[in-house]
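Next comes my_file.cif, a file with mmCIF, C-alpha atoms.
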data_run
#
loop_
_atom_site.label_atom_id
_atom_site.label_comp_id
_atom_site.auth_asym_id
_atom_site.auth_seq_id
_atom_site.Cartn_x
_atom_site.Cartn_y
_atom_site.Cartn_z
CA MET A 177 -26.66 4.22 -34.96
CA ASN A 178 -29.41 1.60 -34.56
CA ARG A 179 -32.78 1.64 -36.32
CA ARG A 180 -34.59 3.05 -33.29
CA ASN A 181 -32.22 6.03 -33.10
CA VAL A 182 -32.49 6.58 -36.86
CA ALA A 183 -36.27 6.65 -36.52
CA ILE A 184 -36.12 9.13 -33.64
CA VAL A 185 -33.78 11.42 -35.58
CA SER A 186 -35.96 11.21 -38.70
CA ILE A 187 -39.13 12.02 -36.77
CA SER A 188 -37.40 14.90 -34.97
CA THR A 189 -36.20 16.31 -38.28
CA LEU A 190 -39.69 16.06 -39.77
CA VAL A 191 -41.26 17.77 -36.74
CA LEU A 192 -38.74 20.62 -36.90
CA LEU A 193 -39.44 21.09 -40.61
CA ILE A 194 -43.20 21.23 -40.00
CA LEU A 195 -42.70 23.72 -37.15
CA SER A 196 -40.52 25.89 -39.39
CA ILE A 197 -43.13 25.93 -42.16
CA PHE A 198 -45.91 26.65 -39.65
CA GLU A 199 -43.85 29.45 -38.12
CA MET A 200 -43.37 31.21 -41.45
CA VAL A 201 -46.96 30.76 -42.63
CA THR A 202 -48.58 31.88 -39.38
CA HIS A 203 -46.22 34.75 -38.62
CA GLN A 204 -46.52 36.84 -41.74
CA ALA A 205 -46.71 40.47 -40.77
CA PRO A 206 -50.19 42.01 -41.03
CA HIS A 207 -48.95 44.55 -43.59
CA ALA A 208 -49.51 42.14 -46.46
CA SER A 209 -53.12 41.34 -45.58
CA THR A 210 -54.25 44.89 -44.83
CA HIS A 211 -53.42 46.34 -48.26
CA ASN A 212 -55.34 45.68 -51.47
CA LYS A 213 -52.27 45.79 -53.69
CA SER A 214 -49.40 43.34 -53.82
CA PRO A 215 -46.37 44.21 -51.68
CA ASP A 216 -43.74 46.61 -52.97
CA LEU A 217 -41.10 44.81 -50.91
CA VAL A 218 -40.88 41.33 -49.42
CA ILE A 219 -38.57 40.82 -46.44
CA TYR A 220 -37.56 37.41 -45.06
CA ALA A 221 -36.61 37.92 -41.41
CA GLY A 222 -35.38 35.73 -38.59
CA ILE A 223 -37.89 35.62 -35.75
CA THR A 224 -35.67 37.28 -33.16
CA MET A 225 -35.41 40.53 -35.15
CA VAL A 226 -39.02 40.91 -36.27
CA LYS A 227 -40.15 43.22 -33.47
CA PRO A 228 -37.74 46.08 -34.21
CA LEU A 229 -38.11 45.39 -37.93
CA LYS A 230 -41.87 45.95 -37.72
CA VAL A 231 -41.32 49.29 -36.00
CA LEU A 232 -39.14 50.44 -38.89
CA VAL A 233 -41.41 48.95 -41.56
CA ASP A 234 -44.47 50.75 -40.16
CA ALA A 235 -42.67 54.10 -40.23
CA PHE A 236 -41.17 53.53 -43.69
CA GLU A 237 -44.54 52.51 -45.15
CA LYS A 238 -46.14 55.72 -43.92
CA GLN A 239 -43.28 57.91 -45.13
CA HIS A 240 -43.08 56.38 -48.62
CA HIS A 241 -46.69 55.19 -49.09
CA VAL A 242 -45.61 51.63 -49.86
CA ASN A 243 -46.61 48.15 -48.76
CA ILE A 244 -44.00 45.85 -47.21
CA GLU A 245 -44.58 42.17 -46.45
CA ILE A 246 -42.57 40.44 -43.72
CA ASN A 247 -42.20 36.66 -43.79
CA GLN A 248 -40.60 35.42 -40.59
CA GLY A 249 -39.17 32.08 -39.56
CA ALA A 250 -35.97 30.28 -38.65
CA SER A 251 -33.07 31.81 -40.61
CA GLY A 252 -31.94 28.52 -42.13
CA PHE A 253 -35.42 27.60 -43.31
CA LEU A 254 -35.91 31.08 -44.79
CA TYR A 255 -32.65 30.74 -46.71
CA GLN A 256 -33.84 27.44 -48.17
CA THR A 257 -37.17 29.07 -49.06
CA ILE A 258 -35.41 31.89 -50.92
CA GLN A 259 -33.27 29.37 -52.81
CA LYS A 260 -36.35 27.40 -53.83
CA GLU A 261 -38.78 30.21 -54.65
CA LYS A 262 -36.22 32.60 -56.14
CA LYS A 263 -38.05 35.73 -55.07
CA GLY A 264 -38.01 38.41 -52.39
CA ASP A 265 -36.14 41.66 -51.84
CA ILE A 266 -34.39 41.57 -48.46
CA TYR A 267 -33.10 38.74 -46.27
CA PHE A 268 -32.54 39.43 -42.56
CA PRO A 269 -30.95 36.39 -40.86
CA GLY A 270 -29.75 36.11 -37.28
CA SER A 271 -26.09 35.87 -38.26
CA ASP A 272 -23.86 37.18 -41.04
CA SER A 273 -22.77 33.60 -41.75
CA TYR A 274 -25.83 33.23 -44.00
CA ARG A 275 -24.87 36.40 -45.90
CA LYS A 276 -21.38 35.05 -46.56
CA ILE A 277 -22.87 31.86 -48.00
CA GLY A 278 -25.43 33.85 -50.00
CA GLU A 279 -22.77 36.04 -51.58
CA LYS A 280 -20.85 32.98 -52.76
CA GLU A 281 -24.03 31.47 -54.20
CA GLY A 282 -25.08 34.70 -55.94
CA LEU A 283 -28.20 35.25 -53.82
CA ILE A 284 -27.00 38.39 -52.03
CA LEU A 285 -25.72 41.56 -53.71
CA ASP A 286 -25.31 44.05 -50.86
CA HIS A 287 -25.72 44.37 -47.08
CA VAL A 288 -25.86 46.89 -44.23
CA LEU A 289 -25.07 46.47 -40.52
CA VAL A 290 -27.97 47.10 -38.14
CA GLY A 291 -26.87 45.45 -34.88
CA TYR A 292 -25.40 42.40 -33.20
CA ASN A 293 -26.78 39.10 -31.97
CA ARG A 294 -25.01 37.56 -29.00
CA VAL A 295 -25.50 34.10 -27.56
CA ALA A 296 -26.40 33.79 -23.88
CA LEU A 297 -27.59 31.24 -21.36
CA VAL A 298 -31.17 32.03 -20.40
CA VAL A 299 -33.05 30.82 -17.33
CA ALA A 300 -36.31 31.58 -15.53
CA LYS A 301 -36.70 34.99 -13.90
CA GLY A 302 -34.59 35.30 -10.77
CA ASN A 303 -32.43 32.28 -11.68
CA PRO A 304 -34.19 29.94 -9.18
CA LYS A 305 -31.62 27.14 -9.63
CA HIS A 306 -28.69 29.54 -9.11
CA LEU A 307 -27.00 28.62 -12.38
CA THR A 308 -23.78 30.21 -13.67
CA ASN A 309 -22.16 30.80 -17.07
CA ASP A 310 -20.35 27.44 -16.92
CA LEU A 311 -21.29 25.66 -20.17
CA ASN A 312 -20.74 22.26 -18.53
CA GLN A 313 -24.02 22.79 -16.67
CA LEU A 314 -25.72 21.85 -19.93
CA THR A 315 -24.52 18.26 -19.43
CA ASN A 316 -26.12 18.00 -15.98
CA SER A 317 -28.84 15.33 -16.15
CA LYS A 318 -30.69 17.00 -13.28
CA LEU A 319 -31.40 20.02 -15.48
CA SER A 320 -33.93 20.21 -18.30
CA VAL A 321 -32.07 21.62 -21.30
CA VAL A 322 -33.91 22.77 -24.44
CA LEU A 323 -31.98 23.87 -27.53
CA SER A 324 -32.68 25.07 -31.03
CA SER A 325 -31.77 22.49 -33.66
CA PRO A 326 -28.38 23.23 -35.27
CA THR A 327 -30.00 22.90 -38.70
CA SER A 328 -33.12 25.04 -38.28
CA GLY A 329 -31.99 28.56 -37.45
CA ALA A 330 -29.26 31.02 -36.54
CA ILE A 331 -29.42 30.44 -32.77
CA GLY A 332 -29.16 26.68 -33.23
CA LYS A 333 -26.21 27.11 -35.55
CA ALA A 334 -24.49 29.59 -33.20
CA GLY A 335 -25.11 27.38 -30.17
CA ASP A 336 -23.75 24.35 -31.99
CA ALA A 337 -20.55 26.20 -32.93
CA MET A 338 -20.09 27.36 -29.34
CA LEU A 339 -20.58 23.89 -27.86
CA LYS A 340 -18.20 22.34 -30.38
CA LYS A 341 -15.60 24.99 -29.58
CA ALA A 342 -15.95 24.10 -25.90
CA GLY A 343 -15.64 20.41 -26.80
CA ILE A 344 -18.91 19.38 -25.15
CA ALA A 345 -21.45 19.31 -28.00
CA GLU A 346 -21.98 15.54 -28.00
CA LYS A 347 -22.41 15.38 -24.21
CA VAL A 348 -24.85 18.28 -24.23
CA TYR A 349 -26.96 16.86 -27.06
CA LYS A 350 -27.30 13.56 -25.21
CA ASN A 351 -28.70 15.52 -22.26
CA VAL A 352 -31.18 17.68 -24.20
CA THR A 353 -34.84 17.32 -23.22
CA TYR A 354 -35.92 18.29 -26.73
CA PHE A 355 -34.85 20.37 -29.72
CA THR A 356 -36.98 23.17 -31.12
CA THR A 357 -36.71 25.57 -34.05
CA ASP A 358 -36.06 29.15 -32.97
CA SER A 359 -35.64 31.82 -30.29
CA HIS A 360 -39.39 32.35 -29.89
CA ARG A 361 -39.98 28.72 -28.98
CA LEU A 362 -36.96 28.72 -26.68
CA PHE A 363 -38.57 31.58 -24.75
CA HIS A 364 -41.77 29.56 -24.38
CA ALA A 365 -39.77 26.53 -23.20
CA ILE A 366 -38.61 28.62 -20.22
CA LYS A 367 -41.98 30.31 -19.68
CA SER A 368 -43.86 26.99 -19.68
CA GLY A 369 -41.39 25.33 -17.32
CA ASP A 370 -40.23 22.79 -19.91
CA ALA A 371 -36.67 24.05 -19.62
CA ASP A 372 -34.44 25.02 -16.72
CA ILE A 373 -31.90 26.51 -19.11
CA VAL A 374 -31.64 27.28 -22.83
CA ILE A 375 -29.13 28.79 -25.23
CA ASN A 376 -30.79 31.82 -26.78
CA TRP A 377 -30.07 35.30 -28.07
CA TYR A 378 -29.37 37.98 -25.45
CA ALA A 379 -31.85 40.36 -27.15
CA VAL A 380 -34.80 38.06 -26.46
CA THR A 381 -34.47 38.79 -22.74
CA LYS A 382 -34.90 42.54 -23.32
CA TRP A 383 -38.34 42.54 -24.93
CA PRO A 384 -41.29 43.96 -22.93
CA GLN A 385 -43.23 40.69 -23.26
CA THR A 386 -40.32 38.45 -22.20
CA LYS A 387 -38.29 40.35 -19.60
CA ASP A 388 -40.68 39.46 -16.76
CA TYR A 389 -40.05 35.75 -17.38
CA LEU A 390 -36.35 35.55 -18.20
CA THR A 391 -32.95 36.15 -16.64
CA VAL A 392 -29.88 36.28 -18.86
CA ILE A 393 -26.51 34.77 -17.94
CA PRO A 394 -23.82 36.28 -20.21
CA ILE A 395 -21.40 33.82 -21.80
CA ASP A 396 -17.64 34.33 -21.87
CA PRO A 397 -16.88 35.89 -25.31
CA LYS A 398 -14.08 33.36 -25.82
CA TRP A 399 -16.77 30.77 -26.54
CA SER A 400 -19.01 32.88 -28.75
CA LYS A 401 -18.36 36.29 -30.26
CA PRO A 402 -21.26 38.61 -31.20
CA LYS A 403 -22.81 37.89 -34.60
CA LYS A 404 -23.33 40.76 -37.02
CA LEU A 405 -26.95 41.49 -37.90
CA GLU A 406 -27.26 42.61 -41.49
CA LEU A 407 -30.02 43.39 -43.95
CA ASP A 408 -29.12 41.65 -47.21
CA LEU A 409 -30.24 42.74 -50.68
CA LEU A 410 -31.40 39.70 -52.66
CA SER A 411 -30.44 39.24 -56.30
CA TYR A 412 -34.09 38.38 -57.00
CA SER A 413 -35.35 41.82 -55.91
CA LYS A 414 -37.84 43.40 -58.31
CA ASN A 415 -37.43 46.78 -56.63
CA PRO A 416 -33.77 47.09 -55.61
CA THR A 417 -33.87 50.90 -55.38
CA LEU A 418 -36.68 50.82 -52.81
CA ALA A 419 -35.02 47.90 -51.02
CA LYS A 420 -31.77 49.86 -50.72
CA ALA A 421 -33.71 52.88 -49.43
CA PHE A 422 -35.22 50.77 -46.66
CA MET A 423 -31.85 49.23 -45.84
CA ALA A 424 -30.32 52.70 -45.54
CA TYR A 425 -33.17 53.79 -43.27
CA ALA A 426 -32.71 50.74 -41.02
CA ALA A 427 -28.96 51.39 -40.81
CA SER A 428 -29.43 55.10 -40.01
CA LYS A 429 -29.47 56.69 -36.55
CA THR A 430 -33.20 56.07 -36.40
CA GLY A 431 -32.71 52.37 -37.07
CA VAL A 432 -29.78 52.05 -34.68
CA GLN A 433 -31.91 53.58 -31.91
CA VAL A 434 -34.70 51.07 -32.52
CA PHE A 435 -32.35 48.09 -32.57
CA TYR A 436 -30.65 49.35 -29.42
CA ASP A 437 -34.04 49.59 -27.69
CA TYR A 438 -34.63 45.91 -28.51
CA GLY A 439 -31.28 44.69 -27.20
CA PHE A 440 -29.27 44.40 -30.42
CA PHE A 441 -26.59 46.89 -29.34
CA THR A 442 -24.85 47.13 -25.99
CA GLN A 443 -24.44 50.65 -24.63
CA GLN A 444 -20.83 50.73 -25.82
CA GLU A 445 -21.70 49.41 -29.28
CA TYR A 446 -24.57 51.90 -29.56
CA GLU A 447 -22.37 54.88 -28.71
CA GLN A 448 -19.65 53.70 -31.09
CA ARG A 449 -22.10 53.19 -33.95
CA MET A 450 -23.64 56.63 -33.45
CA LYS A 451 -20.15 58.19 -33.57
CA GLU A 452 -19.44 56.35 -36.82
CA LEU A 453 -22.68 57.62 -38.35
CA ASP A 454 -21.91 61.17 -37.18
CA ALA A 455 -18.48 60.95 -38.79
CA GLY A 456 -20.06 59.71 -42.01
CA ASP A 457 -22.52 62.60 -42.05
CA GLN A 458 -19.73 65.13 -41.54
CA ALA A 459 -17.70 63.63 -44.37
CA LYS A 460 -20.54 64.12 -46.87
#
If you took the structure in this file and wrote it as structure tokens, what would it be?
Amino acid sequence: MNRRNVAIVSISTLVLLILSIFEMVTHQAPHASTHNKSPDLVIYAGITMVKPLKVLVDAFEKQHHVNIEINQGASGFLYQTIQKEKKGDIYFPGSDSYRKIGEKEGLILDHVLVGYNRVALVVAKGNPKHLTNDLNQLTNSKLSVVLSSPTSGAIGKAGDAMLKKAGIAEKVYKNVTYFTTDSHRLFHAIKSGDADIVINWYAVTKWPQTKDYLTVIPIDPKWSKPKKLELDLLSYSKNPTLAKAFMAYAASKTGVQVFYDYGFFTQQEYEQRMKELDAGDQAK
């Protein structure tokens, strides 16, 4: 790699880091600023899952008269933040791969399943360029391709694994218009016209504020299986009992319904999960 390429990579890495920090600082949930007392729980959440999470947090706060702070950002950056600051109660990344690492490193003590994240190709509403689910399209120099950096968040990591499995990662990366940090910015890349196609989470296309701009192209599961979405109890939690209570609430029928509404369960997965919860209730 020559000096020019090294400089470009270094600058890109610095920009992504700044964007990640800005994302977390500017996207704290309003719960923390509207209460006089310090938060009873602090949740670090990947950007894609914040909308349903806020619905559940609002309801839980009212039921239990507590204050919950949500810090959102790219999953990878949030993990690094938790490692550095050694505080917080719940971690909610976009893939269970972070939980597996966290368990080995002693950061995560427990977890509950609340949905699934699945990778998809996403294009502008109506698919004006008539694209398909062929991953090789991402190497087409006539298309503007925007991706999340493999090092900044769950969608970048999942996309990288998929492209490597297909054996086209290097070719795709050479064709990328630019890298960004997370699913939210990938949506704006399509909305603004910067991108003809992106790799993003399926759920992003189901939100009220995005569905009028996006069309999803499902990817063959052989390239990328659904990623488990889990709420993870952090070893640094100062209120593990309350944290576990919220985790149980999010994993209940109420929580499953909310996550289904936001695209984190398919119809089949939703029905299966409800049956499992019914069976659990009957066994008690």
Explicit residue set for the PyMOL selection byres ((chain A and resi 303-314) around 10), as a ChimeraX atom specification: /A:296-302,315-322,338-339,342-345,347-352,372-375,390-396,399
Those same residues, written as a PDB file, in the coordinates of the input with C-alpha atoms?
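Result saved to out-v1.pdb:
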ATOM      1  CA  ALA A 296     -26.400  33.790 -23.880  1.00  0.00           C
ATOM      2  CA  LEU A 297     -27.590  31.240 -21.360  1.00  0.00           C
ATOM      3  CA  VAL A 298     -31.170  32.030 -20.400  1.00  0.00           C
ATOM      4  CA  VAL A 299     -33.050  30.820 -17.330  1.00  0.00           C
ATOM      5  CA  ALA A 300     -36.310  31.580 -15.530  1.00  0.00           C
ATOM      6  CA  LYS A 301     -36.700  34.990 -13.900  1.00  0.00           C
ATOM      7  CA  GLY A 302     -34.590  35.300 -10.770  1.00  0.00           C
ATOM      8  CA  THR A 315     -24.520  18.260 -19.430  1.00  0.00           C
ATOM      9  CA  ASN A 316     -26.120  18.000 -15.980  1.00  0.00           C
ATOM     10  CA  SER A 317     -28.840  15.330 -16.150  1.00  0.00           C
ATOM     11  CA  LYS A 318     -30.690  17.000 -13.280  1.00  0.00           C
ATOM     12  CA  LEU A 319     -31.400  20.020 -15.480  1.00  0.00           C
ATOM     13  CA  SER A 320     -33.930  20.210 -18.300  1.00  0.00           C
ATOM     14  CA  VAL A 321     -32.070  21.620 -21.300  1.00  0.00           C
ATOM     15  CA  VAL A 322     -33.910  22.770 -24.440  1.00  0.00           C
ATOM     16  CA  MET A 338     -20.090  27.360 -29.340  1.00  0.00           C
ATOM     17  CA  LEU A 339     -20.580  23.890 -27.860  1.00  0.00           C
ATOM     18  CA  ALA A 342     -15.950  24.100 -25.900  1.00  0.00           C
ATOM     19  CA  GLY A 343     -15.640  20.410 -26.800  1.00  0.00           C
ATOM     20  CA  ILE A 344     -18.910  19.380 -25.150  1.00  0.00           C
ATOM     21  CA  ALA A 345     -21.450  19.310 -28.000  1.00  0.00           C
ATOM     22  CA  LYS A 347     -22.410  15.380 -24.210  1.00  0.00           C
ATOM     23  CA  VAL A 348     -24.850  18.280 -24.230  1.00  0.00           C
ATOM     24  CA  TYR A 349     -26.960  16.860 -27.060  1.00  0.00           C
ATOM     25  CA  LYS A 350     -27.300  13.560 -25.210  1.00  0.00           C
ATOM     26  CA  ASN A 351     -28.700  15.520 -22.260  1.00  0.00           C
ATOM     27  CA  VAL A 352     -31.180  17.680 -24.200  1.00  0.00           C
ATOM     28  CA  ASP A 372     -34.440  25.020 -16.720  1.00  0.00           C
ATOM     29  CA  ILE A 373     -31.900  26.510 -19.110  1.00  0.00           C
ATOM     30  CA  VAL A 374     -31.640  27.280 -22.830  1.00  0.00           C
ATOM     31  CA  ILE A 375     -29.130  28.790 -25.230  1.00  0.00           C
ATOM     32  CA  LEU A 390     -36.350  35.550 -18.200  1.00  0.00           C
ATOM     33  CA  THR A 391     -32.950  36.150 -16.640  1.00  0.00           C
ATOM     34  CA  VAL A 392     -29.880  36.280 -18.860  1.00  0.00           C
ATOM     35  CA  ILE A 393     -26.510  34.770 -17.940  1.00  0.00           C
ATOM     36  CA  PRO A 394     -23.820  36.280 -20.210  1.00  0.00           C
ATOM     37  CA  ILE A 395     -21.400  33.820 -21.800  1.00  0.00           C
ATOM     38  CA  ASP A 396     -17.640  34.330 -21.870  1.00  0.00           C
ATOM     39  CA  TRP A 399     -16.770  30.770 -26.540  1.00  0.00           C
TER      40      TRP A 399
END
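Nearest-residue note for A:Pro402: choosing from A:Thr353, A:Ser271, A:Thr224, A:Asn247, the minimum distance belongs to A:Ser271, counting all atoms listed in the file.
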As JSON, please: the centre and edge lengths in Å, to one decimal, of an axis-aligned box enclosing every listed atom of stretch 265-280 of chain A with 3 Å added on each side.
{"center_x": -28.5, "center_y": 36.8, "center_z": -45.0, "size_x": 21.3, "size_y": 15.8, "size_z": 21.5}
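For the residues A:Ala426, A:Arg361, A:Asn293, A:Ser368, ranking by smallest atom-to-atom distance to A:Asp234 using all atoms listed in the file places A:Ala426 first.
Remark: for A:Glu281, the closest of the candidate residues A:Gly249, A:Asn243, A:Ser411, A:Glu445 is A:Ser411 (distances computed over all atoms listed in the file).
The shortest atom-to-atom distance to A:Gln239, with all atoms listed in the file taken into account, belongs to A:Phe422 out of A:Phe440, A:Tyr446, A:Phe422, A:Ala221.
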For this structure, which residues satisfy the selection - the PyMOL selection byres ((chain A and resi 232) around 9) - when it is evaluated on the file as given? I want them as a PDB file with C-alpha atoms, in the coordinates of the input.
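Heads up, here's the output in result.pdb:
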ATOM      1  CA  PRO A 228     -37.740  46.080 -34.210  1.00  0.00           C
ATOM      2  CA  LEU A 229     -38.110  45.390 -37.930  1.00  0.00           C
ATOM      3  CA  LYS A 230     -41.870  45.950 -37.720  1.00  0.00           C
ATOM      4  CA  VAL A 231     -41.320  49.290 -36.000  1.00  0.00           C
ATOM      5  CA  VAL A 233     -41.410  48.950 -41.560  1.00  0.00           C
ATOM      6  CA  ASP A 234     -44.470  50.750 -40.160  1.00  0.00           C
ATOM      7  CA  ALA A 235     -42.670  54.100 -40.230  1.00  0.00           C
ATOM      8  CA  PHE A 236     -41.170  53.530 -43.690  1.00  0.00           C
ATOM      9  CA  GLU A 237     -44.540  52.510 -45.150  1.00  0.00           C
ATOM     10  CA  PHE A 422     -35.220  50.770 -46.660  1.00  0.00           C
ATOM     11  CA  TYR A 425     -33.170  53.790 -43.270  1.00  0.00           C
ATOM     12  CA  ALA A 426     -32.710  50.740 -41.020  1.00  0.00           C
ATOM     13  CA  THR A 430     -33.200  56.070 -36.400  1.00  0.00           C
ATOM     14  CA  GLY A 431     -32.710  52.370 -37.070  1.00  0.00           C
ATOM     15  CA  VAL A 434     -34.700  51.070 -32.520  1.00  0.00           C
TER      16      VAL A 434
END
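Take the candidates A:Asp216, A:Glu406, A:Asp388, A:Asp457 and check each one against A:Val290 using all atoms listed in the file; the shortest distance goes to A:Glu406.
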Residue IDs satisfying the PyMOL selection byres ((chain A and resi 217-220) around 8), as a PyMOL selection string: chain A and resi 215-216+221-222+243-249+254+264-269+415+418-419
Residue with smallest distance to A:Glu261 - pool A:Ala330, A:Val242, A:Ala427, A:Leu283, counting all atoms listed in the file: A:Leu283
